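Novice: Data file final.cif (mmCIF, N, CA and C atoms) is appended below.
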data_structure
#
loop_
_atom_site.label_atom_id
_atom_site.label_comp_id
_atom_site.auth_asym_id
_atom_site.auth_seq_id
_atom_site.Cartn_x
_atom_site.Cartn_y
_atom_site.Cartn_z
N MET X 20 -6.71 -4.03 10.79
CA MET X 20 -6.18 -3.12 9.79
C MET X 20 -7.07 -1.88 9.66
N LEU X 21 -8.36 -2.07 9.53
CA LEU X 21 -9.26 -0.92 9.39
C LEU X 21 -9.32 -0.09 10.67
N GLN X 22 -9.23 -0.75 11.82
CA GLN X 22 -9.25 0.01 13.07
C GLN X 22 -8.03 0.91 13.17
N ARG X 23 -6.86 0.39 12.79
CA ARG X 23 -5.64 1.20 12.83
C ARG X 23 -5.74 2.35 11.84
N LEU X 24 -6.28 2.09 10.64
CA LEU X 24 -6.50 3.14 9.66
C LEU X 24 -7.40 4.23 10.25
N GLN X 25 -8.49 3.83 10.87
CA GLN X 25 -9.42 4.78 11.46
C GLN X 25 -8.79 5.57 12.60
N GLU X 26 -8.04 4.90 13.46
CA GLU X 26 -7.37 5.58 14.57
C GLU X 26 -6.38 6.63 14.07
N HIS X 27 -5.59 6.27 13.07
CA HIS X 27 -4.60 7.20 12.54
C HIS X 27 -5.27 8.38 11.84
N TRP X 28 -6.40 8.12 11.18
CA TRP X 28 -7.14 9.21 10.53
C TRP X 28 -7.68 10.17 11.59
N ARG X 29 -8.31 9.62 12.60
CA ARG X 29 -8.92 10.46 13.64
C ARG X 29 -7.91 11.26 14.45
N ASP X 30 -6.75 10.65 14.76
CA ASP X 30 -5.76 11.39 15.54
C ASP X 30 -4.88 12.29 14.68
N GLY X 31 -5.09 12.24 13.35
CA GLY X 31 -4.37 13.12 12.44
C GLY X 31 -2.98 12.65 12.07
N SER X 32 -2.57 11.48 12.54
CA SER X 32 -1.22 11.01 12.25
C SER X 32 -1.07 10.48 10.82
N ASN X 33 -2.18 10.12 10.17
CA ASN X 33 -2.12 9.70 8.77
C ASN X 33 -3.47 9.95 8.13
N THR X 34 -3.55 11.06 7.39
CA THR X 34 -4.76 11.39 6.65
C THR X 34 -4.54 11.33 5.14
N PHE X 35 -3.42 10.75 4.73
CA PHE X 35 -3.11 10.56 3.31
C PHE X 35 -3.22 11.88 2.55
N SER X 36 -2.75 12.96 3.16
CA SER X 36 -2.92 14.29 2.58
C SER X 36 -1.62 14.98 2.17
N LYS X 37 -0.50 14.31 2.32
CA LYS X 37 0.76 14.89 1.86
C LYS X 37 0.84 14.73 0.34
N PRO X 38 1.70 15.53 -0.31
CA PRO X 38 1.81 15.43 -1.77
C PRO X 38 2.11 14.00 -2.22
N GLY X 39 1.32 13.51 -3.17
CA GLY X 39 1.49 12.17 -3.70
C GLY X 39 0.74 11.09 -2.96
N GLU X 40 0.16 11.41 -1.82
CA GLU X 40 -0.55 10.40 -1.03
C GLU X 40 -2.01 10.28 -1.46
N ALA X 41 -2.60 9.13 -1.18
CA ALA X 41 -3.99 8.90 -1.54
C ALA X 41 -4.56 7.75 -0.71
N LEU X 42 -5.84 7.80 -0.45
CA LEU X 42 -6.59 6.71 0.17
C LEU X 42 -7.66 6.30 -0.83
N LEU X 43 -7.64 5.04 -1.22
CA LEU X 43 -8.57 4.54 -2.23
C LEU X 43 -9.56 3.57 -1.61
N GLY X 44 -10.74 3.51 -2.19
CA GLY X 44 -11.75 2.56 -1.76
C GLY X 44 -12.41 1.91 -2.95
N VAL X 45 -12.91 0.71 -2.74
CA VAL X 45 -13.69 0.00 -3.75
C VAL X 45 -15.08 -0.19 -3.16
N PHE X 46 -16.07 0.21 -3.92
CA PHE X 46 -17.45 0.13 -3.48
C PHE X 46 -18.24 -0.83 -4.36
N VAL X 47 -19.15 -1.55 -3.75
CA VAL X 47 -20.17 -2.30 -4.46
C VAL X 47 -21.47 -1.64 -4.05
N GLY X 48 -22.08 -0.94 -4.98
CA GLY X 48 -23.22 -0.10 -4.63
C GLY X 48 -22.74 0.97 -3.67
N ALA X 49 -23.40 1.08 -2.54
CA ALA X 49 -23.01 2.07 -1.53
C ALA X 49 -22.12 1.48 -0.44
N SER X 50 -21.75 0.21 -0.58
CA SER X 50 -20.96 -0.47 0.46
C SER X 50 -19.47 -0.46 0.12
N LEU X 51 -18.68 0.00 1.07
CA LEU X 51 -17.23 -0.06 0.94
C LEU X 51 -16.80 -1.50 1.19
N VAL X 52 -16.14 -2.12 0.19
CA VAL X 52 -15.74 -3.52 0.31
C VAL X 52 -14.23 -3.69 0.39
N GLY X 53 -13.48 -2.62 0.12
CA GLY X 53 -12.04 -2.68 0.21
C GLY X 53 -11.45 -1.29 0.29
N ALA X 54 -10.28 -1.20 0.92
CA ALA X 54 -9.59 0.08 1.05
C ALA X 54 -8.09 -0.15 1.06
N GLY X 55 -7.36 0.86 0.65
CA GLY X 55 -5.91 0.81 0.70
C GLY X 55 -5.35 2.19 0.44
N GLY X 56 -4.15 2.42 0.95
CA GLY X 56 -3.59 3.75 0.84
C GLY X 56 -2.18 3.79 0.31
N LEU X 57 -1.78 4.99 -0.05
CA LEU X 57 -0.45 5.31 -0.53
C LEU X 57 0.09 6.45 0.32
N ASN X 58 1.22 6.22 0.94
CA ASN X 58 1.90 7.25 1.72
C ASN X 58 3.30 7.47 1.21
N ILE X 59 3.87 8.62 1.53
CA ILE X 59 5.31 8.78 1.44
C ILE X 59 5.87 7.80 2.46
N ASP X 60 6.88 7.03 2.08
CA ASP X 60 7.40 6.01 2.98
C ASP X 60 8.06 6.67 4.19
N PRO X 61 7.49 6.47 5.39
CA PRO X 61 8.05 7.13 6.58
C PRO X 61 9.35 6.50 7.06
N TYR X 62 9.70 5.35 6.51
CA TYR X 62 10.90 4.64 6.96
C TYR X 62 12.14 4.98 6.14
N LEU X 63 11.96 5.72 5.05
CA LEU X 63 13.08 6.08 4.19
C LEU X 63 13.13 7.59 4.02
N ALA X 64 14.27 8.17 4.24
CA ALA X 64 14.44 9.62 4.12
C ALA X 64 14.44 10.02 2.65
N GLY X 65 14.10 11.25 2.38
CA GLY X 65 14.22 11.80 1.04
C GLY X 65 12.93 11.94 0.28
N GLY X 66 11.89 11.23 0.65
CA GLY X 66 10.60 11.39 0.00
C GLY X 66 10.45 10.77 -1.37
N GLY X 67 11.46 10.08 -1.89
CA GLY X 67 11.36 9.48 -3.21
C GLY X 67 10.71 8.11 -3.23
N SER X 68 10.31 7.63 -2.05
CA SER X 68 9.71 6.30 -1.95
C SER X 68 8.28 6.40 -1.43
N GLY X 69 7.40 5.65 -2.08
CA GLY X 69 6.03 5.53 -1.60
C GLY X 69 5.88 4.24 -0.82
N ARG X 70 4.78 4.14 -0.09
CA ARG X 70 4.51 2.95 0.71
C ARG X 70 3.04 2.58 0.60
N VAL X 71 2.77 1.32 0.30
CA VAL X 71 1.42 0.77 0.30
C VAL X 71 1.02 0.58 1.76
N ARG X 72 -0.15 1.11 2.12
CA ARG X 72 -0.58 1.04 3.52
C ARG X 72 -2.02 0.56 3.65
N HIS X 73 -2.26 -0.19 4.69
CA HIS X 73 -3.62 -0.54 5.15
C HIS X 73 -4.51 -1.16 4.08
N VAL X 74 -3.97 -2.05 3.26
CA VAL X 74 -4.81 -2.71 2.26
C VAL X 74 -5.69 -3.73 2.96
N TYR X 75 -6.99 -3.61 2.74
CA TYR X 75 -7.96 -4.50 3.36
C TYR X 75 -9.11 -4.74 2.39
N VAL X 76 -9.52 -5.99 2.28
CA VAL X 76 -10.69 -6.38 1.49
C VAL X 76 -11.60 -7.20 2.39
N GLY X 77 -12.87 -6.86 2.42
CA GLY X 77 -13.84 -7.60 3.21
C GLY X 77 -13.86 -9.07 2.83
N PRO X 78 -14.05 -9.96 3.80
CA PRO X 78 -13.98 -11.40 3.56
C PRO X 78 -14.85 -11.89 2.39
N ARG X 79 -16.05 -11.36 2.24
CA ARG X 79 -16.95 -11.82 1.17
C ARG X 79 -16.45 -11.45 -0.22
N PHE X 80 -15.52 -10.49 -0.29
CA PHE X 80 -15.08 -9.97 -1.58
C PHE X 80 -13.65 -10.36 -1.93
N ARG X 81 -13.04 -11.18 -1.09
CA ARG X 81 -11.69 -11.65 -1.37
C ARG X 81 -11.74 -12.67 -2.51
N ARG X 82 -10.66 -12.70 -3.28
CA ARG X 82 -10.52 -13.60 -4.43
C ARG X 82 -11.52 -13.29 -5.55
N HIS X 83 -11.93 -12.00 -5.60
CA HIS X 83 -12.83 -11.54 -6.66
C HIS X 83 -12.23 -10.34 -7.40
N GLY X 84 -10.94 -10.08 -7.21
CA GLY X 84 -10.27 -9.00 -7.93
C GLY X 84 -10.27 -7.65 -7.24
N VAL X 85 -10.88 -7.56 -6.06
CA VAL X 85 -10.94 -6.28 -5.36
C VAL X 85 -9.55 -5.85 -4.90
N GLY X 86 -8.77 -6.77 -4.34
CA GLY X 86 -7.42 -6.44 -3.89
C GLY X 86 -6.54 -6.02 -5.05
N ARG X 87 -6.64 -6.73 -6.15
CA ARG X 87 -5.87 -6.39 -7.35
C ARG X 87 -6.26 -4.99 -7.83
N LEU X 88 -7.54 -4.70 -7.87
CA LEU X 88 -8.01 -3.39 -8.30
C LEU X 88 -7.44 -2.29 -7.39
N LEU X 89 -7.47 -2.52 -6.09
CA LEU X 89 -6.93 -1.54 -5.14
C LEU X 89 -5.44 -1.31 -5.36
N VAL X 90 -4.68 -2.37 -5.40
CA VAL X 90 -3.22 -2.22 -5.50
C VAL X 90 -2.84 -1.67 -6.87
N GLU X 91 -3.53 -2.05 -7.92
CA GLU X 91 -3.25 -1.46 -9.23
C GLU X 91 -3.54 0.04 -9.21
N GLY X 92 -4.58 0.44 -8.49
CA GLY X 92 -4.88 1.86 -8.34
C GLY X 92 -3.80 2.59 -7.56
N ILE X 93 -3.30 1.95 -6.52
CA ILE X 93 -2.21 2.54 -5.73
C ILE X 93 -0.96 2.67 -6.59
N ILE X 94 -0.64 1.64 -7.36
CA ILE X 94 0.52 1.68 -8.25
C ILE X 94 0.38 2.83 -9.26
N ALA X 95 -0.80 2.95 -9.85
CA ALA X 95 -1.03 4.02 -10.84
C ALA X 95 -0.85 5.40 -10.22
N ARG X 96 -1.31 5.58 -8.99
CA ARG X 96 -1.15 6.87 -8.30
C ARG X 96 0.31 7.11 -7.91
N ALA X 97 1.03 6.04 -7.57
CA ALA X 97 2.41 6.17 -7.11
C ALA X 97 3.40 6.42 -8.25
N ARG X 98 3.16 5.83 -9.39
CA ARG X 98 4.13 5.85 -10.49
C ARG X 98 4.62 7.26 -10.84
N PRO X 99 3.76 8.27 -11.00
CA PRO X 99 4.29 9.59 -11.35
C PRO X 99 4.90 10.36 -10.17
N GLU X 100 4.72 9.86 -8.97
CA GLU X 100 5.15 10.57 -7.77
C GLU X 100 6.43 10.04 -7.14
N PHE X 101 6.68 8.75 -7.27
CA PHE X 101 7.76 8.09 -6.54
C PHE X 101 8.62 7.23 -7.46
N ALA X 102 9.88 7.05 -7.07
CA ALA X 102 10.78 6.18 -7.82
C ALA X 102 10.54 4.71 -7.48
N VAL X 103 10.14 4.45 -6.23
CA VAL X 103 9.89 3.09 -5.77
C VAL X 103 8.65 3.07 -4.88
N LEU X 104 8.09 1.88 -4.75
CA LEU X 104 6.93 1.66 -3.90
C LEU X 104 7.23 0.46 -3.01
N ASN X 105 7.18 0.66 -1.70
CA ASN X 105 7.52 -0.37 -0.73
C ASN X 105 6.28 -0.84 0.01
N LEU X 106 6.37 -2.03 0.58
CA LEU X 106 5.32 -2.53 1.45
C LEU X 106 5.89 -3.61 2.35
N ARG X 107 5.18 -3.87 3.42
CA ARG X 107 5.50 -5.00 4.30
C ARG X 107 4.24 -5.84 4.37
N ALA X 108 4.33 -7.06 3.86
CA ALA X 108 3.17 -7.93 3.76
C ALA X 108 3.38 -9.20 4.57
N PRO X 109 2.29 -9.76 5.07
CA PRO X 109 2.40 -11.07 5.73
C PRO X 109 2.76 -12.14 4.69
N ASP X 110 3.32 -13.23 5.15
CA ASP X 110 3.73 -14.31 4.25
C ASP X 110 2.60 -14.75 3.33
N THR X 111 1.38 -14.76 3.83
CA THR X 111 0.24 -15.22 3.03
C THR X 111 -0.07 -14.31 1.85
N ALA X 112 0.45 -13.08 1.85
CA ALA X 112 0.18 -12.14 0.76
C ALA X 112 1.35 -11.97 -0.20
N HIS X 113 2.47 -12.65 0.06
CA HIS X 113 3.65 -12.48 -0.80
C HIS X 113 3.35 -12.80 -2.26
N ALA X 114 2.72 -13.92 -2.54
CA ALA X 114 2.44 -14.31 -3.93
C ALA X 114 1.53 -13.29 -4.61
N PHE X 115 0.58 -12.74 -3.88
CA PHE X 115 -0.32 -11.73 -4.43
C PHE X 115 0.47 -10.52 -4.92
N TYR X 116 1.34 -9.98 -4.05
CA TYR X 116 2.11 -8.79 -4.43
C TYR X 116 3.12 -9.10 -5.52
N GLU X 117 3.71 -10.27 -5.49
CA GLU X 117 4.68 -10.65 -6.52
C GLU X 117 4.00 -10.78 -7.88
N ALA X 118 2.75 -11.25 -7.90
CA ALA X 118 2.00 -11.32 -9.16
C ALA X 118 1.72 -9.94 -9.74
N LEU X 119 1.76 -8.91 -8.89
CA LEU X 119 1.54 -7.54 -9.33
C LEU X 119 2.85 -6.81 -9.65
N GLY X 120 3.96 -7.54 -9.60
CA GLY X 120 5.24 -6.97 -10.01
C GLY X 120 6.19 -6.59 -8.90
N PHE X 121 5.77 -6.71 -7.66
CA PHE X 121 6.66 -6.41 -6.53
C PHE X 121 7.70 -7.52 -6.40
N LYS X 122 8.91 -7.13 -6.05
CA LYS X 122 10.01 -8.09 -5.85
C LYS X 122 10.30 -8.20 -4.36
N PRO X 123 10.62 -9.41 -3.90
CA PRO X 123 10.96 -9.59 -2.48
C PRO X 123 12.21 -8.77 -2.12
N VAL X 124 12.21 -8.26 -0.89
CA VAL X 124 13.33 -7.50 -0.35
C VAL X 124 13.87 -8.30 0.83
N GLU X 125 15.17 -8.49 0.86
CA GLU X 125 15.80 -9.23 1.95
C GLU X 125 16.51 -8.28 2.90
N GLY X 126 16.44 -8.57 4.17
CA GLY X 126 17.24 -7.86 5.17
C GLY X 126 16.78 -6.47 5.53
N GLU X 127 15.56 -6.10 5.21
CA GLU X 127 15.04 -4.80 5.60
C GLU X 127 13.91 -4.99 6.60
N LYS X 128 13.99 -4.28 7.69
CA LYS X 128 13.01 -4.42 8.75
C LYS X 128 11.60 -3.98 8.34
N PHE X 129 11.52 -2.93 7.53
CA PHE X 129 10.22 -2.32 7.25
C PHE X 129 9.71 -2.58 5.83
N ALA X 130 10.34 -3.47 5.10
CA ALA X 130 9.86 -3.77 3.75
C ALA X 130 10.05 -5.25 3.44
N SER X 131 8.99 -5.86 2.95
CA SER X 131 9.10 -7.24 2.47
C SER X 131 9.18 -7.27 0.94
N HIS X 132 8.62 -6.21 0.30
CA HIS X 132 8.56 -6.15 -1.16
C HIS X 132 8.73 -4.71 -1.66
N ARG X 133 9.21 -4.62 -2.91
CA ARG X 133 9.46 -3.30 -3.51
C ARG X 133 9.16 -3.39 -5.01
N LEU X 134 8.56 -2.33 -5.51
CA LEU X 134 8.33 -2.16 -6.93
C LEU X 134 9.11 -0.93 -7.35
N ILE X 135 10.03 -1.09 -8.31
CA ILE X 135 10.88 0.01 -8.76
C ILE X 135 10.29 0.59 -10.03
N PHE X 136 10.01 1.90 -10.02
CA PHE X 136 9.48 2.59 -11.19
C PHE X 136 10.61 3.17 -12.04
N ALA X 137 11.61 3.76 -11.38
CA ALA X 137 12.70 4.43 -12.10
C ALA X 137 13.96 4.35 -11.25
N GLN X 138 15.09 4.39 -11.89
CA GLN X 138 16.35 4.39 -11.16
C GLN X 138 16.57 5.76 -10.54
N SER X 139 17.07 5.78 -9.32
CA SER X 139 17.40 7.07 -8.69
C SER X 139 18.66 7.62 -9.32
N SER X 140 19.00 8.86 -8.98
CA SER X 140 20.19 9.49 -9.55
C SER X 140 21.46 8.80 -9.08
N GLN X 141 21.41 8.04 -7.99
CA GLN X 141 22.56 7.29 -7.51
C GLN X 141 22.67 5.94 -8.21
N GLY X 142 21.68 5.57 -9.02
CA GLY X 142 21.73 4.30 -9.74
C GLY X 142 21.34 3.11 -8.91
N SER X 143 20.67 3.33 -7.76
CA SER X 143 20.26 2.20 -6.93
C SER X 143 18.85 1.76 -7.22
#
The structure given in the file should be rewritten as structure tokens.
Specialist:
Amino acid sequence: MLQRLQEHWRDGSNTFSKPGEALLGVFVGASLVGAGGLNIDPYLAGGGSGRVRHVYVGPRFRRHGVGRLLVEGIIARARPEFAVLNLRAPDTAHAFYEALGFKPVEGEKFASHRLIFAQSSQGS
């Protein structure tokens, strides 16, 4: 996960610099122990959807609230910018995201979960 984040940053394909985007980190002292990002969802047209990207917590810091802190920060940044927030998570992370308010999505290739902030003008 971190290698892909680094590759995309270096090649310029994802620097989390478009309007509404952000890359967050959690530090313990001077050590980065977790990271996660918010992008405009590249899989949905229109720009009204955000996407949780590259969430990673170092093994020693898992199950200590670091992931929750990261995703809550991403949600807080996304709420004023996007109507919905999407993500694709491995099966082992489904309960984690659902505990944070994300609902499972069925039948979509690029999303396993979605958090709806506001109804769109089409009422979807």
Novice: Could you tell me how far atom CA of Gly92 of chain X sits from atom CA of Ala114 of chain X, in Å to one decimal place?
Specialist: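 Here the two named atoms are 18.3 Å from each other.
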Novice: Would you compute the distance between atom C of Arg133 of chain X and atom N of Asn105 of chain X? Give it in Å to one decimal.
Specialist: 5.6 Å
Novice: Can you list, as a PDB file with N, CA and C atoms, in the frame of the given file, every protein, DNA or RNA residue that comes within 9 Å of segment 98-104 of chain X when you count only C-alpha atoms, leaving out same-chain residues fewer than 6 positions away?
Specialist:
ATOM      1  N   PRO X  38       1.700  15.530  -0.310  1.00  0.00           N
ATOM      2  CA  PRO X  38       1.810  15.430  -1.770  1.00  0.00           C
ATOM      3  C   PRO X  38       2.110  14.000  -2.220  1.00  0.00           C
ATOM      4  N   GLY X  39       1.320  13.510  -3.170  1.00  0.00           N
ATOM      5  CA  GLY X  39       1.490  12.170  -3.700  1.00  0.00           C
ATOM      6  C   GLY X  39       0.740  11.090  -2.960  1.00  0.00           C
ATOM      7  N   GLU X  40       0.160  11.410  -1.820  1.00  0.00           N
ATOM      8  CA  GLU X  40      -0.550  10.400  -1.030  1.00  0.00           C
ATOM      9  C   GLU X  40      -2.010  10.280  -1.460  1.00  0.00           C
ATOM     10  N   LEU X  57      -1.780   4.990  -0.050  1.00  0.00           N
ATOM     11  CA  LEU X  57      -0.450   5.310  -0.530  1.00  0.00           C
ATOM     12  C   LEU X  57       0.090   6.450   0.320  1.00  0.00           C
ATOM     13  N   ILE X  59       3.870   8.620   1.530  1.00  0.00           N
ATOM     14  CA  ILE X  59       5.310   8.780   1.440  1.00  0.00           C
ATOM     15  C   ILE X  59       5.870   7.800   2.460  1.00  0.00           C
ATOM     16  N   ASP X  60       6.880   7.030   2.080  1.00  0.00           N
ATOM     17  CA  ASP X  60       7.400   6.010   2.980  1.00  0.00           C
ATOM     18  C   ASP X  60       8.060   6.670   4.190  1.00  0.00           C
ATOM     19  N   GLY X  66      11.890  11.230   0.650  1.00  0.00           N
ATOM     20  CA  GLY X  66      10.600  11.390   0.000  1.00  0.00           C
ATOM     21  C   GLY X  66      10.450  10.770  -1.370  1.00  0.00           C
ATOM     22  N   GLY X  67      11.460  10.080  -1.890  1.00  0.00           N
ATOM     23  CA  GLY X  67      11.360   9.480  -3.210  1.00  0.00           C
ATOM     24  C   GLY X  67      10.710   8.110  -3.230  1.00  0.00           C
ATOM     25  N   SER X  68      10.310   7.630  -2.050  1.00  0.00           N
ATOM     26  CA  SER X  68       9.710   6.300  -1.950  1.00  0.00           C
ATOM     27  C   SER X  68       8.280   6.400  -1.430  1.00  0.00           C
ATOM     28  N   GLY X  69       7.400   5.650  -2.080  1.00  0.00           N
ATOM     29  CA  GLY X  69       6.030   5.530  -1.600  1.00  0.00           C
ATOM     30  C   GLY X  69       5.880   4.240  -0.820  1.00  0.00           C
ATOM     31  N   ARG X  70       4.780   4.140  -0.090  1.00  0.00           N
ATOM     32  CA  ARG X  70       4.510   2.950   0.710  1.00  0.00           C
ATOM     33  C   ARG X  70       3.040   2.580   0.600  1.00  0.00           C
ATOM     34  N   VAL X  71       2.770   1.320   0.300  1.00  0.00           N
ATOM     35  CA  VAL X  71       1.420   0.770   0.300  1.00  0.00           C
ATOM     36  C   VAL X  71       1.020   0.580   1.760  1.00  0.00           C
ATOM     37  N   PHE X 121       5.770  -6.710  -7.660  1.00  0.00           N
ATOM     38  CA  PHE X 121       6.660  -6.410  -6.530  1.00  0.00           C
ATOM     39  C   PHE X 121       7.700  -7.520  -6.400  1.00  0.00           C
ATOM     40  N   HIS X 132       8.620  -6.210   0.300  1.00  0.00           N
ATOM     41  CA  HIS X 132       8.560  -6.150  -1.160  1.00  0.00           C
ATOM     42  C   HIS X 132       8.730  -4.710  -1.660  1.00  0.00           C
ATOM     43  N   ARG X 133       9.210  -4.620  -2.910  1.00  0.00           N
ATOM     44  CA  ARG X 133       9.460  -3.300  -3.510  1.00  0.00           C
ATOM     45  C   ARG X 133       9.160  -3.390  -5.010  1.00  0.00           C
ATOM     46  N   LEU X 134       8.560  -2.330  -5.510  1.00  0.00           N
ATOM     47  CA  LEU X 134       8.330  -2.160  -6.930  1.00  0.00           C
ATOM     48  C   LEU X 134       9.110  -0.930  -7.350  1.00  0.00           C
ATOM     49  N   ILE X 135      10.030  -1.090  -8.310  1.00  0.00           N
ATOM     50  CA  ILE X 135      10.880   0.010  -8.760  1.00  0.00           C
ATOM     51  C   ILE X 135      10.290   0.590 -10.030  1.00  0.00           C
ATOM     52  N   PHE X 136      10.010   1.900 -10.020  1.00  0.00           N
ATOM     53  CA  PHE X 136       9.480   2.590 -11.190  1.00  0.00           C
ATOM     54  C   PHE X 136      10.610   3.170 -12.040  1.00  0.00           C
ATOM     55  N   ALA X 137      11.610   3.760 -11.380  1.00  0.00           N
ATOM     56  CA  ALA X 137      12.700   4.430 -12.100  1.00  0.00           C
ATOM     57  C   ALA X 137      13.960   4.350 -11.250  1.00  0.00           C
ATOM     58  N   GLN X 138      15.090   4.390 -11.890  1.00  0.00           N
ATOM     59  CA  GLN X 138      16.350   4.390 -11.160  1.00  0.00           C
ATOM     60  C   GLN X 138      16.570   5.760 -10.540  1.00  0.00           C
ATOM     61  N   SER X 139      17.070   5.780  -9.320  1.00  0.00           N
ATOM     62  CA  SER X 139      17.400   7.070  -8.690  1.00  0.00           C
ATOM     63  C   SER X 139      18.660   7.620  -9.320  1.00  0.00           C
TER      64      SER X 139
END
Novice: Please write the residues picked by the PyMOL selection byres (((chain X and resi 34 and name CA) around 12) and name CA) on this file as a tab-separated table (two decimals) with N, CA and C atoms, keeping the file's coordinate frame.
Specialist:
chain	number	residue	atom	x	y	z
X	23	ARG	N	-6.86	0.39	12.79
X	23	ARG	CA	-5.64	1.20	12.83
X	23	ARG	C	-5.74	2.35	11.84
X	24	LEU	N	-6.28	2.09	10.64
X	24	LEU	CA	-6.50	3.14	9.66
X	24	LEU	C	-7.40	4.23	10.25
X	25	GLN	N	-8.49	3.83	10.87
X	25	GLN	CA	-9.42	4.78	11.46
X	25	GLN	C	-8.79	5.57	12.60
X	26	GLU	N	-8.04	4.90	13.46
X	26	GLU	CA	-7.37	5.58	14.57
X	26	GLU	C	-6.38	6.63	14.07
X	27	HIS	N	-5.59	6.27	13.07
X	27	HIS	CA	-4.60	7.20	12.54
X	27	HIS	C	-5.27	8.38	11.84
X	28	TRP	N	-6.40	8.12	11.18
X	28	TRP	CA	-7.14	9.21	10.53
X	28	TRP	C	-7.68	10.17	11.59
X	29	ARG	N	-8.31	9.62	12.60
X	29	ARG	CA	-8.92	10.46	13.64
X	29	ARG	C	-7.91	11.26	14.45
X	30	ASP	N	-6.75	10.65	14.76
X	30	ASP	CA	-5.76	11.39	15.54
X	30	ASP	C	-4.88	12.29	14.68
X	31	GLY	N	-5.09	12.24	13.35
X	31	GLY	CA	-4.37	13.12	12.44
X	31	GLY	C	-2.98	12.65	12.07
X	32	SER	N	-2.57	11.48	12.54
X	32	SER	CA	-1.22	11.01	12.25
X	32	SER	C	-1.07	10.48	10.82
X	33	ASN	N	-2.18	10.12	10.17
X	33	ASN	CA	-2.12	9.70	8.77
X	33	ASN	C	-3.47	9.95	8.13
X	35	PHE	N	-3.42	10.75	4.73
X	35	PHE	CA	-3.11	10.56	3.31
X	35	PHE	C	-3.22	11.88	2.55
X	36	SER	N	-2.75	12.96	3.16
X	36	SER	CA	-2.92	14.29	2.58
X	36	SER	C	-1.62	14.98	2.17
X	37	LYS	N	-0.50	14.31	2.32
X	37	LYS	CA	0.76	14.89	1.86
X	37	LYS	C	0.84	14.73	0.34
X	38	PRO	N	1.70	15.53	-0.31
X	38	PRO	CA	1.81	15.43	-1.77
X	38	PRO	C	2.11	14.00	-2.22
X	40	GLU	N	0.16	11.41	-1.82
X	40	GLU	CA	-0.55	10.40	-1.03
X	40	GLU	C	-2.01	10.28	-1.46
X	41	ALA	N	-2.60	9.13	-1.18
X	41	ALA	CA	-3.99	8.90	-1.54
X	41	ALA	C	-4.56	7.75	-0.71
X	42	LEU	N	-5.84	7.80	-0.45
X	42	LEU	CA	-6.59	6.71	0.17
X	42	LEU	C	-7.66	6.30	-0.83
X	43	LEU	N	-7.64	5.04	-1.22
X	43	LEU	CA	-8.57	4.54	-2.23
X	43	LEU	C	-9.56	3.57	-1.61
X	56	GLY	N	-4.15	2.42	0.95
X	56	GLY	CA	-3.59	3.75	0.84
X	56	GLY	C	-2.18	3.79	0.31
X	57	LEU	N	-1.78	4.99	-0.05
X	57	LEU	CA	-0.45	5.31	-0.53
X	57	LEU	C	0.09	6.45	0.32
X	58	ASN	N	1.22	6.22	0.94
X	58	ASN	CA	1.90	7.25	1.72
X	58	ASN	C	3.30	7.47	1.21
X	59	ILE	N	3.87	8.62	1.53
X	59	ILE	CA	5.31	8.78	1.44
X	59	ILE	C	5.87	7.80	2.46
X	72	ARG	N	-0.15	1.11	2.12
X	72	ARG	CA	-0.58	1.04	3.52
X	72	ARG	C	-2.02	0.56	3.65
Novice: How many Å lie between atom N of Gly77 of chain X and atom N of Leu51 of chain X, rounded to one decimal?
Specialist: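 Atom-to-atom, atom N of Gly77 of chain X to atom N of Leu51 of chain X, that is 9.1 Å.
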Novice: Selected by the PyMOL selection byres (((chain X and resi 80 and name CA) around 12) and name CA) in the shown coordinates: which residues, as a PyMOL selection string?
Specialist: chain X and resi 45-47+50-54+75-79+81-88
Novice: Quick one: pick out all alpha helix (DSSP H) residues within segment 50-125 of chain X from a backbone DSSP run and write them as a PyMOL selection string.
Specialist: chain X and resi 85-97+113-118
Novice: From the set X:Val124, X:Met20, X:Ala112, X:Ile93, which residue has the shortest atom-to-atom contact distance to Val74 of chain X, counting all atoms listed in the file?
Specialist: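 With all atoms listed in the file as the atom set, the closest residue is X:Met20.
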Novice: Ranking X:Gln22, X:Tyr62, X:Ala49, X:Val90 by minimum distance to Ala118 of chain X and counting only C-alpha atoms, which one comes first?
Specialist: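 Going through X:Gln22, X:Tyr62, X:Ala49, X:Val90 one by one, the smallest distance to Ala118 of chain X is for X:Val90.
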Novice: Assign secondary structure with DSSP using the backbone only, and return the residues of chain X in strand (DSSP E or B) as a PyMOL selection string.
Specialist: chain X and resi 41-47+50-59+68-76+103-106+122-123+132-135
